[in-house]
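Remarks on the structure that follows.
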Amino acid sequence: MTITEKYLEMILPTLAVNKDQRVEPKIIKGLRGYAFPCPFCQFRCDKESSRNRRVAYLIPHAESYSWTFYCHRHKTDECQTSRSFPNFLAMYNPELYRQYQMERYHSGTTGKGHNIKNPKFNKKEK
């Protein structure tokens, strides 16, 4: 299991915020992705049935270990465009993103040539 898959598994149960919602596995271009109510714009819907519709997706990329978040509704700034998994995680759960970033940093998969920046470290003064 990759680091990204580990953190994906951690957030999947949190994407359905009430008992009427579900995260459903969905085959997208022959790969297993996930469909769920958008965590950013579902609360802008007037009807409960609209809120519960699975309009957001986490889509895997073939031949790589990266994922993309996409929402069909486009009702907020957060879901206007598709986003890489690190970018989605940074907006959805900033604390978990920092843990993800540090784990990727320690494995050597941040910075130039990767889809996530190196973490910023605070320098201690003497």
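By order in the structure tokens, chains are A, B, ...; within a chain, residues start at 1; ligands start at 1, following the order shown.
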Sorted by chain and rising residue number, list the residues of range 80-119 of chain A at most 12 Å from range 1-22 of chain A (counting only C-alpha atoms), each with its closest atom pair and distance in Å to one decimal, as a tab-separated table.
residue	atom	partner	partner_atom	distance
A:Ser84	CA	A:Thr4	CA	11.0
A:Phe85	CA	A:Thr4	CA	7.9
A:Pro86	CA	A:Thr4	CA	8.4
A:Phe88	CA	A:Leu8	CA	10.7
A:Leu89	CA	A:Ile11	CA	8.6
A:Ala90	CA	A:Tyr7	CA	11.8
A:Tyr92	CA	A:Ile11	CA	9.2
A:Asn93	CA	A:Ile11	CA	8.7
A:Pro94	CA	A:Ile11	CA	11.9
A:Glu95	CA	A:Tyr7	CA	12.0
A:Leu96	CA	A:Tyr7	CA	8.2
A:Tyr97	CA	A:Tyr7	CA	8.8
A:Arg98	CA	A:Tyr7	CA	11.3
A:Gln99	CA	A:Tyr7	CA	9.4
A:Tyr100	CA	A:Tyr7	CA	7.1
A:Gln101	CA	A:Ile3	CA	9.7
A:Met102	CA	A:Ile3	CA	10.7
A:Glu103	CA	A:Ile3	CA	7.5
A:Arg104	CA	A:Ile3	CA	7.0
A:Tyr105	CA	A:Ile3	CA	10.8
A:His106	CA	A:Ile3	CA	11.0
A:Ser107	CA	A:Ile3	CA	9.1
A:Gly108	CA	A:Ile3	CA	11.5
A:Thr109	CA	A:Ile3	CA	9.9
A:Thr110	CA	A:Ile3	CA	11.9
A:Asn115	CA	A:Thr4	CA	11.3
A:Ile116	CA	A:Thr4	CA	11.3
Worksheet entry | Secondary structure check, strand (DSSP E or B) residues of chain A, as number ranges by chain | A: 24-28, 31-36, 56-60, 67-71, 83-84
Worksheet item: Of the residues A:Gln80, A:Met91, A:Gly33, A:Lys120, which is the one nearest to Ser66 in chain A, using only C-alpha atoms?
Response: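 Smallest separation from Ser66 in chain A among the options: A:Gly33.
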Fill in: Contacts of Thr76 in chain A at 12 Å (only C-alpha atoms; same-chain gap of 5+ positions) as JSON, numbers by chain
{"A": [38, 39, 40, 41, 42, 43, 44, 45, 71, 81]}
Residues of the last selection are to be written out with C-alpha atoms, as a PDB file, in the first residue's frame.
ATOM      1  CA  CYS A  38     -19.056  16.678  -2.179  1.00  0.00           C
ATOM      2  CA  PRO A  39     -17.764  17.705   1.263  1.00  0.00           C
ATOM      3  CA  PHE A  40     -17.406  21.329   0.115  1.00  0.00           C
ATOM      4  CA  CYS A  41     -20.674  22.151  -1.649  1.00  0.00           C
ATOM      5  CA  GLN A  42     -23.275  19.699  -0.311  1.00  0.00           C
ATOM      6  CA  PHE A  43     -24.418  22.193   2.327  1.00  0.00           C
ATOM      7  CA  ARG A  44     -25.291  24.744  -0.349  1.00  0.00           C
ATOM      8  CA  CYS A  45     -28.054  22.484  -1.657  1.00  0.00           C
ATOM      9  CA  CYS A  71     -16.975  17.501  -8.293  1.00  0.00           C
ATOM     10  CA  THR A  81     -11.741  22.598 -10.613  1.00  0.00           C
TER      11      THR A  81
END
Discussion item. Report, in Å to a single decimal, how far apart CA of Lys47 in chain A and CA of Cys79 in chain A are.
Written reply: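 That distance, rounded to one decimal, is 19.2 Å.
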Worksheet item: So how far away is CA of Asn87 in chain A from CA of His72 in chain A, in Å?
Response: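 If I compute the distance from CA of His72 in chain A to CA of Asn87 in chain A, I get 17.5 Å.
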Item to complete: Pick out the residues sitting within 6 Å of Arg54 in chain A, and hand them over as a ChimeraX atom specification; count only C-alpha atoms, and ignore anything fewer than 5 positions along from it in its own chain.
Response: /A:35-37
Item to complete: Could you give me, as JSON, numbers by chain, each residue of range 7-41 of chain A that DSSP assigns to alpha helix (DSSP H) when run on this structure's backbone?
Response: {"A": [7, 8, 9, 10, 11]}
Residues within 12 Å of Ser82 in chain A, only C-alpha atoms, excluding chain neighbours under 5 positions, as a compact mmCIF listing (two decimals) with C-alpha atoms, in the first residue's frame:
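So the final result, stored in part_32.txt, reads:
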# COMPACT_ATOMS: atom_id res chain seq x y z
CA ALA A 56 -17.81 14.06 -6.23
CA TYR A 57 -15.22 11.50 -7.21
CA LEU A 58 -11.73 10.41 -6.26
CA ILE A 59 -10.35 9.08 -9.52
CA TRP A 67 -5.53 10.40 -7.50
CA THR A 68 -7.69 13.35 -8.56
CA PHE A 69 -10.71 14.87 -6.80
CA TYR A 70 -13.51 16.06 -9.08
CA CYS A 71 -16.98 17.50 -8.29
CA HIS A 72 -19.74 17.83 -10.90
CA ARG A 73 -21.64 20.49 -8.96
CA HIS A 74 -18.97 23.28 -8.91
CA ASP A 77 -14.34 27.73 -4.87
CA ASN A 87 -4.38 19.50 -2.71
CA PHE A 88 -7.78 17.97 -1.85
